[in-house]
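Heads up, model20.txt below (compact mmCIF, C-alpha atoms and all ligand atoms):
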```txt
# COMPACT_ATOMS: atom_id res chain seq x y z
CA MET A 22 -30.47 -60.63 109.01
CA ALA A 23 -29.52 -56.94 109.43
CA GLU A 24 -31.18 -56.34 106.05
CA THR A 25 -34.53 -57.66 107.24
CA LEU A 26 -34.36 -55.67 110.46
CA THR A 27 -33.75 -52.44 108.56
CA GLY A 28 -36.55 -53.66 106.30
CA VAL A 29 -39.24 -53.17 108.96
CA SER A 30 -37.58 -50.76 111.38
CA ALA A 31 -36.70 -47.89 109.04
CA PRO A 32 -40.24 -47.38 107.65
CA LEU A 33 -41.85 -47.95 111.06
CA LEU A 34 -39.49 -45.43 112.67
CA ALA A 35 -40.29 -42.89 109.94
CA HIS A 36 -44.02 -43.50 110.48
CA LEU A 37 -43.69 -43.04 114.27
CA ALA A 38 -41.61 -39.87 113.82
CA ARG A 39 -44.25 -38.41 111.49
CA ARG A 40 -46.97 -39.27 113.97
CA ILE A 41 -45.08 -37.71 116.91
CA ARG A 42 -44.19 -34.57 114.94
CA ALA A 43 -47.80 -34.12 113.90
CA ALA A 44 -49.60 -34.82 117.18
CA GLY A 45 -47.01 -34.91 119.97
CA PRO A 46 -45.46 -37.69 122.04
CA ILE A 47 -47.38 -40.98 122.19
CA SER A 48 -48.04 -43.22 125.21
CA VAL A 49 -45.98 -46.37 125.74
CA ALA A 50 -49.22 -48.26 124.99
CA ALA A 51 -49.58 -46.58 121.59
CA TYR A 52 -45.92 -47.33 120.88
CA MET A 53 -46.36 -51.02 121.80
CA ASP A 54 -49.42 -51.30 119.60
CA GLU A 55 -47.61 -49.80 116.60
CA ALA A 56 -44.42 -51.80 117.14
CA LEU A 57 -46.27 -55.10 117.56
CA PHE A 58 -49.26 -54.75 115.25
CA HIS A 59 -48.67 -52.08 112.62
CA PRO A 60 -50.28 -53.84 109.62
CA ARG A 61 -47.15 -53.59 107.41
CA TRP A 62 -44.15 -53.23 109.71
CA GLY A 63 -45.37 -54.48 113.09
CA TYR A 64 -43.50 -57.32 114.78
CA TYR A 65 -46.43 -59.77 114.76
CA ALA A 66 -47.65 -58.68 111.34
CA THR A 67 -44.45 -59.78 109.67
CA ARG A 68 -43.15 -62.99 111.26
CA ASP A 69 -43.48 -66.15 113.33
CA PRO A 70 -41.60 -65.14 116.49
CA LEU A 71 -41.71 -68.48 118.29
CA GLY A 72 -39.31 -71.34 118.82
CA ALA A 73 -35.60 -71.99 118.87
CA GLY A 74 -35.07 -70.22 115.51
CA GLY A 75 -37.23 -67.26 116.53
CA ASP A 76 -37.10 -64.72 119.32
CA PHE A 77 -38.69 -66.48 122.30
CA ILE A 78 -40.06 -69.86 123.35
CA THR A 79 -43.28 -70.59 125.20
CA ALA A 80 -44.44 -73.48 127.38
CA PRO A 81 -46.39 -75.33 124.65
CA GLU A 82 -43.28 -75.11 122.44
CA VAL A 83 -41.17 -76.55 125.28
CA SER A 84 -43.23 -79.72 125.60
CA GLN A 85 -46.41 -81.38 124.36
CA MET A 86 -47.22 -82.15 128.02
CA PHE A 87 -48.24 -78.53 128.62
CA GLY A 88 -51.02 -78.48 126.02
CA GLU A 89 -52.09 -82.02 126.88
CA LEU A 90 -52.68 -81.18 130.54
CA ILE A 91 -54.60 -78.05 129.60
CA GLY A 92 -56.72 -80.02 127.13
CA LEU A 93 -57.60 -82.51 129.85
CA TRP A 94 -58.38 -79.65 132.25
CA CYS A 95 -60.87 -78.26 129.72
CA ALA A 96 -62.43 -81.60 128.80
CA GLU A 97 -62.76 -82.65 132.43
CA LEU A 98 -64.41 -79.37 133.34
CA TRP A 99 -66.80 -79.79 130.40
CA ARG A 100 -67.75 -83.21 131.79
CA ARG A 101 -68.30 -81.72 135.25
CA LEU A 102 -70.46 -79.00 133.68
CA GLY A 103 -72.82 -81.80 132.61
CA ALA A 104 -71.29 -82.38 129.16
CA PRO A 105 -73.30 -79.71 127.30
CA GLY A 106 -73.95 -80.66 123.65
CA ARG A 107 -72.22 -77.52 122.44
CA VAL A 108 -69.33 -75.66 124.04
CA THR A 109 -67.34 -72.71 122.73
CA LEU A 110 -63.62 -73.38 123.10
CA VAL A 111 -61.66 -70.14 122.74
CA GLU A 112 -57.94 -69.53 122.65
CA LEU A 113 -56.56 -66.01 122.85
CA GLY A 114 -53.28 -65.58 120.95
CA PRO A 115 -52.74 -69.22 119.89
CA GLY A 116 -49.25 -68.64 118.40
CA ARG A 117 -48.45 -71.60 116.14
CA GLY A 118 -51.50 -73.54 117.35
CA THR A 119 -49.27 -75.98 119.23
CA LEU A 120 -51.05 -75.76 122.60
CA MET A 121 -54.47 -76.35 121.02
CA ARG A 122 -53.26 -79.22 118.84
CA ASP A 123 -51.80 -81.02 121.88
CA ALA A 124 -54.85 -80.13 123.98
CA LEU A 125 -57.35 -81.57 121.50
CA ARG A 126 -55.32 -84.74 120.98
CA ALA A 127 -55.30 -85.38 124.75
CA ALA A 128 -58.95 -84.36 125.15
CA ARG A 129 -60.00 -87.34 123.00
CA LEU A 130 -59.68 -89.30 126.25
CA VAL A 131 -62.89 -87.64 127.44
CA PRO A 132 -65.59 -89.07 125.15
CA GLY A 133 -67.86 -86.56 123.47
CA PHE A 134 -65.79 -83.44 124.19
CA ASN A 135 -64.23 -83.03 120.76
CA ASP A 136 -67.65 -83.48 119.10
CA ALA A 137 -69.25 -80.84 121.33
CA LEU A 138 -66.63 -78.15 120.89
CA GLU A 139 -66.67 -75.26 118.47
CA LEU A 140 -63.17 -73.78 118.14
CA HIS A 141 -62.68 -70.00 118.09
CA LEU A 142 -59.25 -68.38 117.85
CA VAL A 143 -58.61 -64.74 118.70
CA GLU A 144 -55.52 -63.74 116.71
CA ARG A 145 -54.43 -60.51 115.07
CA SER A 146 -51.31 -61.73 113.26
CA PRO A 147 -51.97 -62.90 109.68
CA VAL A 148 -48.73 -64.91 109.71
CA LEU A 149 -49.76 -66.85 112.82
CA ARG A 150 -53.36 -67.26 111.61
CA ALA A 151 -51.96 -69.08 108.56
CA MET A 152 -49.88 -71.40 110.78
CA GLN A 153 -52.89 -72.08 113.03
CA ALA A 154 -54.97 -72.92 109.96
CA ASP A 155 -52.43 -75.63 109.05
CA THR A 156 -51.95 -77.01 112.55
CA LEU A 157 -55.66 -77.09 113.45
CA ALA A 158 -57.18 -77.85 110.03
CA GLY A 159 -59.09 -80.86 111.38
CA PHE A 160 -61.03 -78.76 113.89
CA ALA A 161 -62.61 -76.13 111.60
CA PRO A 162 -61.51 -73.13 113.69
CA ARG A 163 -62.96 -69.68 113.23
CA TRP A 164 -60.84 -66.57 113.72
CA HIS A 165 -61.66 -63.30 115.45
CA ASP A 166 -59.93 -59.97 116.02
CA ASP A 167 -61.26 -59.91 119.56
CA LEU A 168 -63.64 -61.70 121.91
CA ALA A 169 -66.63 -59.52 120.98
CA THR A 170 -67.50 -61.58 117.88
CA VAL A 171 -67.17 -65.02 119.51
CA PRO A 172 -70.71 -66.46 119.73
CA ALA A 173 -72.49 -66.58 123.09
CA GLY A 174 -72.86 -69.84 125.04
CA PRO A 175 -70.95 -71.90 127.62
CA MET A 176 -67.28 -71.13 127.12
CA LEU A 177 -63.93 -72.64 127.94
CA LEU A 178 -61.11 -70.20 127.28
CA VAL A 179 -57.33 -70.56 127.34
CA ALA A 180 -54.78 -67.74 127.12
CA ASN A 181 -51.08 -68.59 127.44
CA GLU A 182 -48.66 -65.66 127.14
CA PHE A 183 -51.39 -63.50 125.60
CA LEU A 184 -51.94 -60.78 128.21
CA ASP A 185 -48.22 -59.92 128.38
CA ALA A 186 -48.39 -58.78 124.74
CA LEU A 187 -51.16 -56.26 125.41
CA PRO A 188 -50.14 -52.59 125.52
CA ILE A 189 -49.33 -51.02 128.90
CA ARG A 190 -49.00 -47.40 129.96
CA GLN A 191 -46.19 -46.39 132.29
CA PHE A 192 -46.39 -43.80 135.04
CA VAL A 193 -43.47 -42.36 136.96
CA ARG A 194 -43.89 -40.85 140.41
CA ALA A 195 -42.37 -37.33 140.26
CA ALA A 196 -41.79 -35.17 143.37
CA ASP A 197 -45.40 -34.05 143.68
CA CYS A 198 -47.52 -36.21 141.36
CA TRP A 199 -47.57 -39.10 138.89
CA ARG A 200 -46.59 -38.30 135.32
CA GLU A 201 -47.02 -40.52 132.27
CA ARG A 202 -43.92 -41.72 130.47
CA MET A 203 -44.28 -40.96 126.78
CA VAL A 204 -42.36 -41.85 123.62
CA ALA A 205 -41.05 -38.64 122.08
CA LEU A 206 -38.38 -37.64 119.57
CA ASP A 207 -34.80 -36.63 120.33
CA GLY A 208 -33.62 -35.41 116.94
CA ASP A 209 -34.59 -38.28 114.65
CA ALA A 210 -34.39 -40.94 117.36
CA LEU A 211 -37.11 -42.18 119.71
CA ALA A 212 -36.64 -41.24 123.37
CA PHE A 213 -38.65 -41.49 126.57
CA ALA A 214 -39.97 -38.22 128.03
CA LEU A 215 -42.31 -37.46 130.91
CA ASP A 216 -45.64 -35.82 130.15
CA PRO A 217 -45.46 -32.28 131.63
CA ASP A 218 -49.08 -32.58 132.80
CA PRO A 219 -49.87 -34.60 135.93
CA ALA A 220 -51.43 -38.01 135.20
CA THR A 221 -55.20 -38.23 135.52
CA GLU A 222 -55.32 -42.07 135.75
CA SER A 223 -57.33 -42.81 138.89
CA SER A 224 -55.84 -46.19 139.84
CA LEU A 225 -52.36 -44.94 140.80
CA PRO A 226 -51.32 -45.71 144.40
CA ASP A 227 -49.33 -43.66 146.89
CA ALA A 228 -45.64 -44.20 146.25
CA ALA A 229 -42.25 -42.61 146.80
CA PRO A 230 -40.74 -40.38 144.10
CA GLY A 231 -39.03 -42.46 141.43
CA ALA A 232 -41.57 -45.30 141.62
CA ILE A 233 -42.92 -46.71 138.35
CA ARG A 234 -46.38 -48.16 137.88
CA GLU A 235 -47.64 -49.94 134.77
CA THR A 236 -51.30 -50.27 133.85
CA SER A 237 -52.96 -52.08 130.97
CA HIS A 238 -56.32 -50.81 129.86
CA ALA A 239 -56.46 -53.56 127.22
CA ALA A 240 -55.77 -56.35 129.74
CA ARG A 241 -58.41 -55.04 132.16
CA ALA A 242 -60.92 -54.71 129.33
CA ILE A 243 -60.43 -58.28 128.15
CA ALA A 244 -60.58 -59.62 131.73
CA ARG A 245 -63.85 -57.73 132.23
CA ALA A 246 -65.25 -59.11 128.97
CA ILE A 247 -64.26 -62.69 129.87
CA GLY A 248 -65.69 -62.31 133.38
CA ALA A 249 -69.00 -60.91 132.11
CA ARG A 250 -69.39 -63.73 129.56
CA LEU A 251 -68.62 -66.45 132.06
CA ALA A 252 -71.06 -64.95 134.57
CA ARG A 253 -73.75 -64.82 131.88
CA ASP A 254 -73.21 -68.02 129.90
CA GLY A 255 -71.20 -70.30 132.19
CA GLY A 256 -67.81 -71.95 131.78
CA ALA A 257 -64.27 -71.10 132.83
CA ALA A 258 -61.06 -69.50 131.63
CA LEU A 259 -57.44 -70.38 132.27
CA ILE A 260 -54.97 -67.52 132.08
CA ILE A 261 -51.26 -68.32 132.19
CA ASP A 262 -48.53 -65.72 132.08
CA TYR A 263 -45.62 -64.16 133.89
CA GLY A 264 -46.82 -61.55 136.28
CA TYR A 265 -47.02 -60.04 139.72
CA GLY A 266 -49.48 -59.78 142.57
CA PRO A 267 -51.20 -56.89 144.37
CA GLY A 268 -49.64 -53.45 144.60
CA GLY A 269 -46.96 -54.14 141.99
CA LEU A 270 -44.58 -51.29 141.31
CA GLY A 271 -41.58 -51.28 139.01
CA GLU A 272 -40.80 -51.45 135.35
CA THR A 273 -41.35 -54.76 133.57
CA LEU A 274 -41.62 -53.63 129.95
CA GLN A 275 -39.02 -55.51 127.94
CA ALA A 276 -37.97 -56.14 124.38
CA VAL A 277 -36.64 -59.56 123.35
CA ARG A 278 -34.97 -60.57 120.10
CA ARG A 279 -33.24 -63.86 119.36
CA HIS A 280 -33.72 -64.94 122.99
CA ALA A 281 -31.85 -61.87 124.33
CA ARG A 282 -32.85 -58.53 125.82
CA HIS A 283 -33.05 -55.65 123.37
CA ASP A 284 -33.51 -51.90 123.84
CA VAL A 285 -37.26 -51.14 123.94
CA LEU A 286 -37.04 -48.13 121.60
CA ASP A 287 -34.34 -49.46 119.28
CA ALA A 288 -35.33 -50.79 115.84
CA PRO A 289 -39.11 -50.82 116.46
CA GLY A 290 -40.92 -53.78 114.91
CA SER A 291 -37.86 -56.04 115.08
CA ALA A 292 -38.25 -57.25 118.68
CA ASP A 293 -41.07 -58.64 120.81
CA LEU A 294 -42.35 -56.20 123.44
CA THR A 295 -44.02 -57.52 126.59
CA ALA A 296 -44.78 -56.53 130.16
CA HIS A 297 -45.53 -58.63 133.20
CA VAL A 298 -49.21 -59.14 133.91
CA ASP A 299 -50.87 -57.36 136.83
CA PHE A 300 -52.85 -60.35 138.15
CA ALA A 301 -54.54 -58.27 140.85
CA ALA A 302 -55.96 -55.97 138.17
CA ILE A 303 -57.14 -58.99 136.13
CA ALA A 304 -58.83 -60.50 139.21
CA GLU A 305 -60.47 -57.19 140.07
CA ALA A 306 -61.76 -56.61 136.53
CA ALA A 307 -63.10 -60.16 136.05
CA GLY A 308 -64.45 -60.34 139.61
CA SER A 309 -66.33 -57.07 139.36
CA ALA A 310 -67.88 -58.36 136.12
CA GLY A 311 -69.32 -61.30 138.10
CA ALA A 312 -66.78 -64.11 137.68
CA ARG A 313 -65.32 -66.31 140.40
CA VAL A 314 -61.54 -65.98 140.55
CA ALA A 315 -59.12 -68.76 141.56
CA GLY A 316 -55.38 -68.20 141.92
CA PRO A 317 -53.02 -66.96 140.71
CA MET A 318 -50.87 -69.91 141.63
CA PRO A 319 -47.37 -70.78 140.42
CA GLN A 320 -47.31 -72.70 137.13
CA GLY A 321 -45.08 -75.38 138.67
CA ALA A 322 -47.56 -76.18 141.43
CA PHE A 323 -50.46 -76.12 138.97
CA LEU A 324 -48.84 -78.53 136.50
CA ARG A 325 -47.82 -80.85 139.35
CA ALA A 326 -51.39 -80.87 140.64
CA LEU A 327 -52.57 -81.82 137.14
CA GLY A 328 -50.12 -84.73 137.08
CA ILE A 329 -47.26 -83.59 134.85
CA GLU A 330 -44.84 -85.96 136.54
CA ALA A 331 -47.06 -88.98 135.90
CA ARG A 332 -47.50 -87.87 132.28
CA ALA A 333 -43.71 -87.53 131.91
CA ALA A 334 -43.24 -91.01 133.38
CA ARG A 335 -45.62 -92.47 130.78
CA LEU A 336 -43.75 -90.74 127.96
CA LEU A 337 -40.39 -91.87 129.40
CA ALA A 338 -41.54 -95.48 129.38
CA ILE A 339 -41.66 -95.45 125.56
CA ALA A 340 -38.81 -93.00 124.87
CA SER A 341 -35.34 -93.53 123.40
CA PRO A 342 -32.44 -92.37 125.62
CA ASP A 343 -32.18 -89.10 123.63
CA GLN A 344 -35.90 -88.47 123.86
CA ALA A 345 -35.83 -89.30 127.57
CA ALA A 346 -33.26 -86.58 128.24
CA LEU A 347 -35.42 -84.07 126.37
CA ILE A 348 -38.59 -85.06 128.23
CA ARG A 349 -36.84 -84.76 131.59
CA SER A 350 -35.36 -81.35 130.84
CA ALA A 351 -38.64 -80.02 129.39
CA CYS A 352 -40.55 -81.16 132.46
CA ARG A 353 -38.01 -79.49 134.74
CA ARG A 354 -38.11 -76.29 132.72
CA LEU A 355 -41.89 -76.07 133.00
CA ILE A 356 -42.09 -76.69 136.77
CA ASP A 357 -38.75 -75.73 138.38
CA PRO A 358 -38.71 -72.48 140.37
CA ALA A 359 -35.56 -71.49 138.46
CA GLY A 360 -37.29 -72.17 135.12
CA MET A 361 -40.90 -71.26 134.37
CA GLY A 362 -42.37 -72.79 137.52
CA LEU A 363 -42.52 -69.72 139.74
CA LEU A 364 -42.42 -66.66 137.51
CA PHE A 365 -45.33 -67.98 135.45
CA LYS A 366 -48.67 -68.01 137.19
CA VAL A 367 -52.04 -69.56 136.49
CA MET A 368 -55.35 -67.87 137.22
CA ALA A 369 -58.79 -69.33 136.59
CA LEU A 370 -61.98 -67.34 136.08
CA ALA A 371 -65.33 -69.10 136.22
CA HIS A 372 -69.07 -68.79 136.57
CA PRO A 373 -69.75 -68.39 140.30
CA ALA A 374 -71.57 -71.75 140.38
CA ALA A 375 -69.08 -73.63 138.17
CA PRO A 376 -67.82 -76.95 139.54
CA ALA A 377 -64.46 -77.23 141.35
CA LEU A 378 -61.52 -76.25 139.16
CA ALA A 379 -58.83 -78.92 139.01
CA GLY A 380 -55.39 -77.83 140.14
CA PHE A 381 -56.42 -74.97 142.41
CA ASP A 382 -55.91 -75.15 146.16
CA GLY A 383 -59.15 -75.66 148.00
CA GLU A 384 -60.88 -76.09 144.66
CA ALA A 385 -59.46 -79.37 143.43
CA ALA A 386 -61.88 -82.26 143.32
N1 LIG A 401 -50.10 -68.69 123.13
C1 LIG A 401 -49.00 -68.93 122.23
C2 LIG A 401 -48.39 -67.66 121.64
C3 LIG A 401 -47.95 -66.60 122.59
S1 LIG A 401 -47.32 -65.19 121.73
C4 LIG A 401 -47.95 -69.77 122.93
O1 LIG A 401 -48.05 -69.95 124.13
O2 LIG A 401 -47.04 -70.25 122.25
C5 LIG A 401 -48.68 -64.06 121.78
C6 LIG A 401 -49.82 -64.42 120.85
O3 LIG A 401 -50.87 -63.47 121.04
C7 LIG A 401 -49.49 -64.37 119.38
O4 LIG A 401 -50.26 -65.36 118.73
C8 LIG A 401 -49.93 -62.96 118.99
O5 LIG A 401 -50.10 -62.78 117.62
C9 LIG A 401 -51.21 -62.85 119.79
N2 LIG A 401 -51.66 -61.50 120.13
C10 LIG A 401 -50.99 -60.58 120.82
N3 LIG A 401 -51.73 -59.47 121.02
C11 LIG A 401 -52.92 -59.72 120.46
C12 LIG A 401 -54.14 -58.98 120.34
N4 LIG A 401 -54.25 -57.76 120.83
N5 LIG A 401 -55.18 -59.55 119.72
C13 LIG A 401 -55.07 -60.81 119.23
N6 LIG A 401 -53.95 -61.56 119.31
C14 LIG A 401 -52.89 -61.02 119.90
```

Go ahead and render the structure in this file as structure tokens.
Ligand code: SAH
Amino acid sequence: MAETLTGVSAPLLAHLARRIRAAGPISVAAYMDEALFHPRWGYYATRDPLGAGGDFITAPEVSQMFGELIGLWCAELWRRLGAPGRVTLVELGPGRGTLMRDALRAARLVPGFNDALELHLVERSPVLRAMQADTLAGFAPRWHDDLATVPAGPMLLVANEFLDALPIRQFVRAADCWRERMVALDGDALAFALDPDPATESSLPDAAPGAIRETSHAARAIARAIGARLARDGGAALIIDYGYGPGGLGETLQAVRRHARHDVLDAPGSADLTAHVDFAAIAEAAGSAGARVAGPMPQGAFLRALGIEARAARLLAIASPDQAALIRSACRRLIDPAGMGLLFKVMALAHPAAPALAGFDGEAA
């Protein structure tokens, strides 16, 4: 395994060092983008990171129930929208395609939905695109580099653990002003360094010296684009991720490899890099583009409201004792506060006149 790590990290490190020597330190966002998506040595360009044998595991990989409930959420909303003859179903960052496969299997319960949908996948990783092509072959998906090329029309969109992979910038409150944290060189190694110039970013709050604030231009831009589309063409989006609420300060950037924390600057391209999602910024961006915003609410409460326990009970009724233990532990992991139930949050964006959104307080039908 060490061989493969050197395989991507050494050339990527040399490339980053050349870039920094030529043009100066780069932002944390530029570093994340290179480390995750460099076309030859980037983390996502070179591997399938998911699952027990990979670096991290996501809710749809924990249990089929996750995708099934989301599929029913989409199909049910489509029915409440008046069952339009054509609907654009979009997933941002579909990973192995597991969530969508489970979603579309469950959505067959709502007659007509699977015939009306046109499936569009926004995915930058060629490795994962190939896996999605296998998993979702029956649904004739089309792939996009970003939302801009997805055709107009009523849209249902799902994004699970997508926004956390988007690049963030980091700002550190110095004695008299905010300064941006940059990735520089210390000899031949990468090292953090503060930009000597004060930050010009306008969204930075008042805070005590030492405070850290993260912002994601990319996440705000995609939230704005989703909000504008929903306001124009109708539909709704479900965004699920780990994140924080208004006024969030503190560092959340992390690197994960083989299910363990890893140094962010060590062996670039060999570990996943993510940051918690600023849900207040997402709500603000989508809301100012004209969308209605519901949530964020804890994933555990959302999945309970959608009936995960009843779904588990139905699966348990036909399970072997071994399968039953797995179903019970997966269900707990998805909804328990100590598992993914509280840290992960669900936010819905919708056309202002869209019908009630199942699972959301005060919205549920
Ligand atoms: N949603 C999946 C995978 C999460 S991992 C799951 O829940 O299992 C993040 C996914 O987003 C991967 O498929 C990754 O390749 C994709 N991704 C990350 N940043 C992206 C970007 N800027 N554009 C398109 N896809 C991106």

Selection: 10 Å around Leu363 in chain A, only C-alpha atoms, excl. self and same-chain fewer than 4 positions, as a CSV table (one decimal) with C-alpha atoms, keeping the file's coordinate frame:
```
chain,number,residue,atom,x,y,z
A,263,TYR,CA,-45.6,-64.2,133.9
A,264,GLY,CA,-46.8,-61.6,136.3
A,318,MET,CA,-50.9,-69.9,141.6
A,319,PRO,CA,-47.4,-70.8,140.4
A,320,GLN,CA,-47.3,-72.7,137.1
A,321,GLY,CA,-45.1,-75.4,138.7
A,322,ALA,CA,-47.6,-76.2,141.4
A,355,LEU,CA,-41.9,-76.1,133.0
A,356,ILE,CA,-42.1,-76.7,136.8
A,357,ASP,CA,-38.8,-75.7,138.4
A,358,PRO,CA,-38.7,-72.5,140.4
A,359,ALA,CA,-35.6,-71.5,138.5
```

Requested in this report: Please identify every polymer residue within 7 Å of ligand LIG 401 (chain A), using all atoms listed in the file, and present the set as number ranges by chain.
Outcome: A: 65, 71, 79-82, 113-117, 119-120, 143-146, 149, 166-167, 180-183, 186-187

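Nearest to Arg61 in chain A of all the residues A:Ala379, A:Val29, A:Ala249, A:Leu364 is A:Val29, based on only C-alpha atoms.
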
Query raised in the report: What gap, in Å, lies between CA of Trp94 in chain A and CA of Pro132 in chain A?
Result: 13.8 Å

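Our summary of the geometry notes that CA of Ser237 in chain A is positioned 4.3 Å from CA of Ile189 in chain A.
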
Report task. Using only C-alpha atoms, pick whichever of A:Ala310, A:Cys352, A:Met203, A:Ala258 has the shortest atom-to-atom distance to Leu98 in chain A. Result -> A:Ala258
